[in-house]
Amino acid sequence: MAKYLAQVIVMGVQVVGRAFARALQQEYAASQAAARARGRSGQQSAAASSITGMSLQEAQQILNVEKLNPEEIQKNYEHLFKANDKSVGGSFYIQSKVVRAKERLEEELSIQKEPKQQSQQQSTET
């Protein structure tokens, strides 16, 4: 009886392990396909997301911006930073999220400017 129970448990673990490995492979393939679709800037954007710990969409939601407009980002950042200042009863946690969101959006802006600068340099060289 114990022998059969052990076999059932081992087989169950093997099935779950294979399913997990297959799901991991599919997720990896999907992320690679998405990165190829976005091109080089997509890989840099994904790297920036992993470094800052915040996605582009999350940063846009925190600062309440739809498009990456530096003036709007700065205006919303200043307002939210001041509104969440500890001296006026704000939250340091939220204030730090606002700072991280601004850093993430600035990183994305610099990533988007890189290909434009490279293409301008190439056109001036020829």
# chains A, B, ... in the order shown; residues from 1 in each chain; ligands from 1
call {"tool": "residues_around", "arguments": {"residues": "A:Asn84", "least_positions_apart": "6", "cutoff": "12 Å", "atoms": "only C-alpha atoms", "output": "ChimeraX atom specification"}}
result
/A:77-78,90-99
call {"tool": "residues_around", "arguments": {"residues": "A:Ile73", "least_positions_apart": "6", "cutoff": "8 Å", "atoms": "only C-alpha atoms", "output": "ChimeraX atom specification"}}
result
/A:63,65,102,105
call {"tool": "write_last_selection", "arguments": {"atoms": "all heavy atoms", "output": "short mmCIF file (atom, residue, chain, number, x, y, z; two decimals), in the first residue's frame"}}
result
data_model
loop_
_atom_site.label_atom_id
_atom_site.label_comp_id
_atom_site.auth_asym_id
_atom_site.auth_seq_id
_atom_site.Cartn_x
_atom_site.Cartn_y
_atom_site.Cartn_z
N LEU A 63 2.40 58.71 -12.30
CA LEU A 63 2.53 60.14 -12.60
C LEU A 63 1.36 60.69 -13.42
O LEU A 63 1.36 61.86 -13.78
CB LEU A 63 3.85 60.43 -13.30
CG LEU A 63 5.08 60.29 -12.42
CD1 LEU A 63 6.34 60.58 -13.21
CD2 LEU A 63 5.00 61.19 -11.22
N VAL A 65 0.35 60.24 -16.60
CA VAL A 65 0.67 60.72 -17.93
C VAL A 65 0.36 59.61 -18.93
O VAL A 65 0.57 58.44 -18.66
CB VAL A 65 2.16 61.15 -18.06
CG1 VAL A 65 2.44 62.36 -17.23
CG2 VAL A 65 3.10 60.03 -17.72
N LYS A 102 9.30 58.70 -12.00
CA LYS A 102 9.95 59.74 -12.82
C LYS A 102 11.26 59.21 -13.40
O LYS A 102 11.54 59.41 -14.59
CB LYS A 102 10.22 60.98 -11.98
CG LYS A 102 10.89 62.09 -12.78
CD LYS A 102 11.09 63.33 -11.93
CE LYS A 102 11.68 64.44 -12.74
NZ LYS A 102 13.12 64.54 -12.58
N LEU A 105 10.44 56.87 -16.31
CA LEU A 105 9.99 57.57 -17.53
C LEU A 105 11.14 58.32 -18.19
O LEU A 105 11.22 58.37 -19.42
CB LEU A 105 8.83 58.51 -17.19
CG LEU A 105 7.54 57.82 -16.74
CD1 LEU A 105 6.49 58.84 -16.35
CD2 LEU A 105 7.00 56.90 -17.82
#
call {"tool": "atom_distance", "arguments": {"atom1": "atom CA of A:Gln61", "atom2": "atom CA of A:Ile111"}}
result
19.4 Å
call {"tool": "atom_distance", "arguments": {"atom1": "atom CA of A:Ser110", "atom2": "atom CA of A:Pro70"}}
result
10.8 Å
call {"tool": "select_by_dssp", "arguments": {"residues": "stretch 17-113 of chain A", "states": "helix (DSSP H, G or I)", "output": "PyMOL selection string"}}
result
chain A and resi 17-38+40-52+56-63+70-83+86-88+92-113
